[in-house]
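K.L.:
So here's data-v9.tsv (TSV, C-alpha atoms).
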chain	number	residue	atom	x	y	z
M	1	MET	CA	0.74	16.84	11.27
M	2	SER	CA	4.37	17.33	12.13
M	3	LYS	CA	5.86	14.37	10.31
M	4	SER	CA	4.63	12.41	7.33
M	5	ILE	CA	4.20	8.67	7.71
M	6	LYS	CA	4.96	6.29	4.88
M	7	ARG	CA	3.04	3.02	4.89
M	8	VAL	CA	3.59	0.05	2.59
M	9	VAL	CA	0.72	-2.38	2.02
M	10	PHE	CA	2.18	-5.76	1.11
M	11	ASN	CA	1.60	-9.47	1.03
M	12	GLN	CA	3.44	-11.91	-1.22
M	13	LYS	CA	0.16	-13.71	-1.88
M	14	GLY	CA	-2.00	-12.13	-4.57
M	15	GLY	CA	-5.70	-11.45	-4.22
M	16	VAL	CA	-5.61	-10.43	-0.56
M	17	GLY	CA	-6.86	-6.88	-1.18
M	18	LYS	CA	-3.68	-4.79	-1.20
M	19	SER	CA	-4.91	-2.20	-3.69
M	20	THR	CA	-8.36	-1.96	-2.16
M	21	ILE	CA	-6.94	-1.43	1.32
M	22	THR	CA	-4.33	1.05	0.08
M	23	CYS	CA	-6.84	3.22	-1.77
M	24	ASN	CA	-9.58	3.15	0.85
M	25	LEU	CA	-7.29	4.06	3.73
M	26	ALA	CA	-5.72	6.80	1.61
M	27	ALA	CA	-9.15	8.11	0.59
M	28	ILE	CA	-10.26	8.32	4.22
M	29	SER	CA	-7.03	10.10	5.08
M	30	ALA	CA	-7.62	12.65	2.31
M	31	ALA	CA	-11.28	13.09	3.28
M	32	ARG	CA	-10.06	14.03	6.77
M	33	GLY	CA	-8.08	16.89	5.24
M	34	VAL	CA	-4.71	15.14	5.22
M	35	THR	CA	-2.66	15.71	2.06
M	36	THR	CA	-2.21	12.11	0.96
M	37	LEU	CA	-0.17	10.38	-1.73
M	38	VAL	CA	-0.66	6.89	-3.17
M	39	ILE	CA	2.31	5.36	-4.97
M	40	ASP	CA	1.36	2.47	-7.24
M	41	LEU	CA	4.30	0.10	-7.64
M	42	ASP	CA	2.26	-2.80	-9.00
M	43	PRO	CA	2.48	-3.30	-12.79
M	44	GLN	CA	-1.16	-4.39	-12.69
M	45	ALA	CA	-1.91	-0.74	-11.84
M	46	ASN	CA	-5.04	-1.55	-9.84
M	47	SER	CA	-4.67	1.44	-7.52
M	48	THR	CA	-4.21	3.68	-10.54
M	49	LEU	CA	-7.40	2.35	-12.13
M	50	TYR	CA	-9.27	2.61	-8.86
M	51	LEU	CA	-8.44	6.25	-8.22
M	52	LEU	CA	-8.29	7.63	-11.77
M	53	GLY	CA	-10.93	5.57	-13.55
M	54	SER	CA	-10.98	6.16	-17.29
M	55	GLY	CA	-8.19	8.72	-16.95
M	56	ALA	CA	-5.74	6.02	-15.87
M	57	THR	CA	-4.85	5.05	-19.45
M	58	THR	CA	-3.77	8.52	-20.53
M	59	VAL	CA	-2.08	10.05	-17.50
M	60	GLN	CA	1.60	10.90	-17.98
M	61	PRO	CA	4.27	10.76	-16.65
M	62	THR	CA	4.03	7.71	-14.40
M	63	VAL	CA	6.14	5.76	-11.95
M	64	VAL	CA	7.48	3.94	-15.03
M	65	ASP	CA	8.98	7.21	-16.26
M	66	PHE	CA	10.34	7.95	-12.79
M	67	PHE	CA	12.29	4.70	-12.65
M	68	ARG	CA	13.23	4.81	-16.34
M	69	GLN	CA	14.96	8.15	-15.95
M	70	THR	CA	17.13	6.65	-13.21
M	71	VAL	CA	18.66	4.10	-15.59
M	72	GLU	CA	18.63	5.93	-18.92
M	73	PHE	CA	20.65	8.95	-19.95
M	74	THR	CA	18.24	11.85	-20.28
M	75	PHE	CA	18.30	15.60	-20.15
M	76	GLN	CA	14.88	15.59	-18.51
M	77	ASP	CA	15.83	14.81	-14.94
M	78	LYS	CA	12.50	15.81	-13.40
M	79	LYS	CA	11.90	16.27	-9.72
M	80	PRO	CA	9.85	13.48	-8.10
M	81	LEU	CA	6.80	15.71	-7.76
M	82	ALA	CA	6.53	15.83	-11.55
M	83	TYR	CA	5.33	12.20	-11.52
M	84	VAL	CA	2.50	12.91	-9.08
M	85	HIS	CA	-1.04	13.63	-10.28
M	86	ALA	CA	-4.22	14.82	-8.62
M	87	THR	CA	-7.12	12.39	-8.38
M	88	PRO	CA	-10.80	13.45	-8.59
M	89	PHE	CA	-10.84	13.48	-4.77
M	90	ASP	CA	-9.72	16.45	-2.67
M	91	ASN	CA	-6.30	16.10	-1.01
M	92	LEU	CA	-5.65	12.75	-2.70
M	93	PHE	CA	-2.77	12.36	-5.18
M	94	ILE	CA	-1.21	9.43	-6.98
M	95	MET	CA	2.03	8.43	-8.64
M	96	PRO	CA	0.39	6.11	-11.19
M	97	SER	CA	1.64	2.83	-12.57
M	98	ARG	CA	1.55	1.05	-15.93
M	99	PRO	CA	2.18	-2.55	-17.05
M	100	GLU	CA	5.52	-1.48	-18.59
M	101	LEU	CA	6.90	-1.16	-15.07
M	102	ASP	CA	7.49	-4.90	-15.08
M	103	GLU	CA	9.96	-4.56	-17.97
M	104	LEU	CA	12.26	-2.28	-15.96
M	105	GLU	CA	12.79	-4.52	-12.95
M	106	ALA	CA	15.83	-6.47	-14.15
M	107	LYS	CA	17.61	-3.33	-15.33
M	108	LEU	CA	16.92	-1.50	-12.06
M	109	GLU	CA	18.07	-4.50	-10.06
M	110	SER	CA	21.32	-4.86	-11.96
M	111	ARG	CA	22.16	-1.18	-11.51
M	112	TYR	CA	21.26	-1.23	-7.83
M	113	LYS	CA	18.73	1.59	-7.85
M	114	ILE	CA	17.10	0.24	-4.70
M	115	TYR	CA	17.28	3.56	-2.81
M	116	LYS	CA	15.79	5.79	-5.51
M	117	LEU	CA	12.27	5.67	-4.12
M	118	ARG	CA	13.46	6.48	-0.62
M	119	ASP	CA	15.41	9.45	-1.93
M	120	ALA	CA	12.41	10.65	-3.92
M	121	LEU	CA	10.11	10.51	-0.90
M	122	ASP	CA	12.66	12.41	1.17
M	123	GLN	CA	12.38	15.21	-1.40
M	124	MET	CA	8.58	15.31	-1.36
M	125	GLN	CA	7.61	17.13	1.80
M	126	GLU	CA	4.20	18.18	0.47
M	127	PHE	CA	2.44	15.05	1.69
M	128	ASP	CA	1.45	14.27	5.26
M	129	ALA	CA	0.65	10.63	4.53
M	130	VAL	CA	1.98	8.22	1.90
M	131	TYR	CA	0.52	4.81	1.05
M	132	VAL	CA	2.47	2.48	-1.24
M	133	ASP	CA	0.76	-0.34	-3.12
M	134	THR	CA	3.12	-3.19	-4.03
M	135	PRO	CA	3.17	-6.18	-6.37
M	136	PRO	CA	2.56	-9.64	-4.86
M	137	ALA	CA	6.25	-10.58	-4.93
M	138	MET	CA	9.37	-9.75	-2.93
M	139	GLY	CA	11.13	-8.20	-5.92
M	140	PHE	CA	12.87	-4.91	-6.59
M	141	PHE	CA	9.79	-2.68	-6.26
M	142	THR	CA	8.62	-4.19	-2.98
M	143	ARG	CA	12.10	-3.99	-1.47
M	144	SER	CA	12.36	-0.37	-2.63
M	145	ALA	CA	9.08	0.39	-0.89
M	146	LEU	CA	10.07	-1.31	2.38
M	147	ILE	CA	13.40	0.51	2.40
M	148	ALA	CA	11.56	3.83	1.98
M	149	ALA	CA	8.78	3.14	4.48
M	150	ASP	CA	8.16	3.70	8.15
M	151	THR	CA	5.72	0.82	8.51
M	152	CYS	CA	4.20	-2.14	6.72
M	153	LEU	CA	0.54	-3.16	6.75
M	154	ILE	CA	-0.13	-6.79	5.87
M	155	PRO	CA	-3.51	-7.82	4.42
M	156	PHE	CA	-4.57	-11.31	5.51
M	157	ASP	CA	-7.55	-13.00	3.87
M	158	CYS	CA	-8.02	-15.84	6.35
M	159	ASP	CA	-6.62	-18.50	4.06
M	160	THR	CA	-4.05	-21.19	4.85
M	161	PHE	CA	-1.89	-20.15	1.88
M	162	SER	CA	-2.04	-16.54	3.02
M	163	ARG	CA	-0.85	-17.66	6.44
M	164	GLN	CA	2.22	-19.33	4.96
M	165	ALA	CA	2.95	-16.22	2.89
M	166	LEU	CA	2.65	-14.18	6.08
M	167	TYR	CA	5.51	-16.04	7.78
M	168	THR	CA	7.73	-15.60	4.73
M	169	LEU	CA	6.88	-11.90	4.60
M	170	LEU	CA	7.78	-11.36	8.24
M	171	GLY	CA	11.16	-12.95	7.65
M	172	ASN	CA	11.78	-10.77	4.60
M	173	ALA	CA	10.76	-7.65	6.49
M	174	GLN	CA	13.18	-8.56	9.27
M	175	GLU	CA	15.98	-8.82	6.70
M	176	ILE	CA	15.10	-5.43	5.19
M	177	ARG	CA	15.06	-3.88	8.64
M	178	ARG	CA	18.41	-5.38	9.57
M	179	ASP	CA	20.22	-4.54	6.33
M	180	HIS	CA	18.59	-1.38	4.96
M	181	ASN	CA	15.96	0.34	7.12
M	182	GLN	CA	16.23	0.11	10.88
M	183	LYS	CA	13.08	2.15	11.44
M	184	LEU	CA	10.83	-0.27	9.54
M	185	GLY	CA	8.11	-1.81	11.68
M	186	ILE	CA	5.09	-4.02	11.16
M	187	GLU	CA	2.15	-1.75	11.90
M	188	GLY	CA	-0.29	-4.60	11.86
M	189	ILE	CA	-1.98	-7.49	10.10
M	190	ILE	CA	-5.27	-6.47	8.51
M	191	VAL	CA	-7.86	-9.23	8.54
M	192	ASN	CA	-9.65	-8.81	5.21
M	193	GLN	CA	-12.68	-10.45	3.58
M	194	PHE	CA	-13.67	-11.77	7.00
M	195	GLN	CA	-16.75	-13.99	7.22
M	196	THR	CA	-18.17	-13.91	10.73
M	197	ARG	CA	-20.26	-17.06	10.33
M	198	ALA	CA	-17.45	-19.24	9.02
M	199	ARG	CA	-15.40	-21.28	11.50
M	200	LEU	CA	-12.03	-21.40	9.69
M	201	PRO	CA	-11.40	-17.63	9.42
M	202	GLN	CA	-11.93	-17.11	13.15
M	203	GLN	CA	-9.75	-20.11	13.95
M	204	LEU	CA	-6.88	-18.82	11.80
M	205	VAL	CA	-7.08	-15.34	13.29
M	206	ASP	CA	-7.17	-16.72	16.84
M	207	GLU	CA	-4.08	-18.80	16.13
M	208	LEU	CA	-2.19	-15.78	14.78
M	209	LYS	CA	-3.06	-13.87	17.94
M	210	GLU	CA	-1.92	-16.78	20.11
M	211	GLU	CA	1.43	-16.66	18.32
M	212	GLY	CA	1.77	-13.03	19.39
M	213	LEU	CA	1.46	-11.57	15.89
M	214	PRO	CA	0.15	-7.98	15.63
M	215	VAL	CA	-3.36	-8.65	14.33
M	216	LEU	CA	-5.33	-5.41	14.21
M	217	GLU	CA	-8.63	-5.52	16.09
M	218	THR	CA	-10.76	-4.08	13.27
M	219	TYR	CA	-11.67	-6.70	10.68
M	220	LEU	CA	-12.83	-5.91	7.15
M	221	SER	CA	-15.90	-7.81	5.99
M	222	SER	CA	-16.41	-9.54	2.67
M	223	SER	CA	-18.85	-7.48	0.59
M	224	VAL	CA	-19.98	-7.07	-3.02
M	225	LYS	CA	-19.80	-3.33	-2.37
M	226	VAL	CA	-16.05	-3.54	-2.96
M	227	ARG	CA	-16.60	-4.66	-6.54
M	228	GLU	CA	-19.10	-1.86	-7.07
M	229	SER	CA	-16.53	0.56	-5.70
M	230	HIS	CA	-13.91	-0.69	-8.16
M	231	GLU	CA	-16.30	-0.40	-11.11
M	232	ALA	CA	-17.29	3.13	-10.15
M	233	ALA	CA	-13.65	4.14	-9.50
M	234	LYS	CA	-14.76	5.56	-6.17
M	235	PRO	CA	-13.36	4.52	-2.81
M	236	LEU	CA	-16.04	3.48	-0.34
M	237	ILE	CA	-15.93	6.72	1.65
M	238	HIS	CA	-17.19	8.48	-1.49
M	239	LEU	CA	-19.42	5.74	-2.92
M	240	ALA	CA	-21.20	4.52	0.19
M	241	PRO	CA	-20.19	6.46	3.30
M	242	GLN	CA	-22.83	4.78	5.50
M	243	HIS	CA	-22.08	1.21	4.44
M	244	LYS	CA	-20.92	-1.28	7.08
M	245	LEU	CA	-17.64	-1.92	5.25
M	246	THR	CA	-16.97	1.83	4.99
M	247	GLU	CA	-17.47	2.10	8.72
M	248	GLU	CA	-14.99	-0.75	9.22
M	249	TYR	CA	-12.42	1.01	7.05
M	250	THR	CA	-12.99	4.21	9.01
M	251	ALA	CA	-12.52	2.38	12.30
M	252	LEU	CA	-9.33	0.79	10.94
M	253	TYR	CA	-8.01	4.18	9.81
M	254	GLU	CA	-8.72	5.70	13.21
M	255	ALA	CA	-7.03	2.80	15.00
M	256	LEU	CA	-3.90	3.36	12.90
M	257	GLN	CA	-3.74	6.97	14.08
M	258	GLN	CA	-3.39	5.94	17.71
M	259	PRO	CA	0.15	6.16	19.13
M	260	THR	CA	0.13	2.56	20.30
M	261	GLY	CA	3.53	1.74	18.87
M	262	VAL	CA	4.63	-0.41	15.96
M	263	ALA	CA	5.78	-3.99	16.23
M	264	ALA	CA	9.41	-4.50	15.33
M	265	THR	CA	10.16	-7.05	12.68
M	266	SER	CA	12.92	-8.69	14.63
Represent the structure of the file as structure tokens.
P.N.:
Amino acid sequence: MSKSIKRVVFNQKGGVGKSTITCNLAAISAARGVTTLVIDLDPQANSTLYLLGSGATTVQPTVVDFFRQTVEFTFQDKKPLAYVHATPFDNLFIMPSRPELDELEAKLESRYKIYKLRDALDQMQEFDAVYVDTPPAMGFFTRSALIAADTCLIPFDCDTFSRQALYTLLGNAQEIRRDHNQKLGIEGIIVNQFQTRARLPQQLVDELKEEGLPVLETYLSSSVKVRESHEAAKPLIHLAPQHKLTEEYTALYEALQQPTGVAATS
């Protein structure tokens, strides 16, 4: 792979599956032999828990320490790679999060450290793919991620509230692209927790397509297997490689590798 690609997974509505999608796409990437990094920017640290399991509570240093050293005087100015840790899965690495990340936001915002993540990723050439999990808010950490990214993936859980959040997100992404990151594109809207027998989800998806929005053709089903995957701290490709949902994730991953272009946010 000649050039790494940096993807942000974001929706301003919570509960749409950001962390699950981030970790499962990253796990498939790593299983294909691609050196892959997950950056967890959500203070809830769900991606960290998902990929590290019981080790998530003790791993140090974290993304909290990375951002803290940008606003505090310290003689330990570590390189970005120092905050990256191996997961139990080959080729898959993570910059883990902690709840304390939330406490740093105001200080980082006031000191305008919005480009620190972009600069850090520019220094880390070891990874061929980067997936960034974000909090469900358009705050400092999400803006930092969008400024650093090539593309944005948007989970959509076939809900009216999620649809409204989608329009707001697209407007925010357009602003980021215009003011900070001209290369940023919307790679696609991921239909998640899709119920084939329900009328409303299909209606909402059809309406998004009619509006010309970049809805990806592979839909992710609703399944209890996701919860089992979380509890086992094993992405689906490792827990249940033959499961229908795993196959859907694999099809989604493969579709994202096709050079079909990325929708601009403007």
K.L.:
Smallest atom-to-atom distance to Asp159 in chain M: which of M:Leu146, M:Leu200, M:Leu239, M:Val71, using all atoms listed in the file?
P.N.:
M:Leu200
K.L.:
Would you compute the distance between CA of Val63 in chain M and CA of Leu92 in chain M? Give it in Å to one decimal.
P.N.:
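Computed distance, CA of Val63 in chain M to CA of Leu92 in chain M, equals 16.5 Å.
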K.L.:
For each of M:Ala56, M:Cys158, M:Val9, M:Ala27, take the minimum atom-to-atom distance to Arg199 in chain M, counting all atoms listed in the file, then give the residue where this is smallest.
P.N.:
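Checking each candidate against Arg199 in chain M, we get M:Cys158 as the closest.
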K.L.:
Residues near Tyr83 in chain M, anyone? I mean within 6 Å using all atoms listed in the file, not counting same-chain ones fewer than 6 positions away, as number ranges by chain.
P.N.:
M: 61-62, 95
K.L.:
Compile the contact shell of Val84 in chain M as a count of residues only: residues with an atom at most 12 Å away, counting all atoms listed in the file, same-chain residues fewer than 6 positions apart removed.
P.N.:
27
K.L.:
Find, counting all atoms listed in the file, the residue in M:Asn46, M:Glu247, M:Ser4, M:Thr134 that gets nearest to Asp150 in chain M.
P.N.:
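Once distances to Asp150 in chain M are computed over all atoms listed in the file, the minimum belongs to M:Ser4.
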K.L.:
For Phe89 in chain M, which residue among M:His238, M:His230, M:Ile186, M:Ser54 is the nearest when counting all atoms listed in the file?
P.N.:
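Closest to Phe89 in chain M of all the choices is M:His238.
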K.L.:
Given only C-alpha atoms as the basis, pick out the residue of M:Glu217, M:Ala240, M:Val132, M:Arg143 nearest to Asp179 in chain M.
P.N.:
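With only C-alpha atoms as the atom set, the closest residue is M:Arg143.
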K.L.:
When you count all atoms listed in the file, which of these residues is closest to Glu254 in chain M: M:Thr218, M:Thr196, M:Gln125, M:Gln242?
P.N.:
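Smallest distance to Glu254 in chain M is found for M:Thr218.
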K.L.:
Pick out the residues sitting within 8 Å of range 162-169 of chain M, and hand them over as JSON, numbers by chain; count only C-alpha atoms, and ignore anything fewer than 4 positions along from it in its own chain.
P.N.:
{"M": [11, 12, 13, 16, 154, 156, 157, 158, 173]}
K.L.:
CA of Leu104 in chain M and CA of Arg68 in chain M are how many Å apart?
P.N.:
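It comes out at 7.2 Å.
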K.L.:
Near Phe141 in chain M, within 9 Å and counting only C-alpha atoms, which residues show up once chain neighbours fewer than 4 positions away are dropped, as a ChimeraX atom specification?
P.N.:
/M:41-42,105,114,117,134-135,137,145-146
K.L.:
To one decimal place, how far is CA of Gly53 in chain M from CA of Ile190 in chain M in Å?
P.N.:
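Distance reported for this atom pair: 25.8 Å.
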K.L.:
Hey, what's within 12 Å of Arg32 in chain M if we count all atoms listed in the file and toss same-chain stuff fewer than 3 positions away? As a list in words, please?
P.N.:
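Counting all atoms listed in the file, the residues come to Leu25, Ala26, Ala27, Ile28, Ser29, Thr35, Thr36, Phe89, Asp90, Asn91, Leu92, Asp128, Ala129, Ile237, Thr250, Tyr253, Glu254 and Gln257 of chain M.
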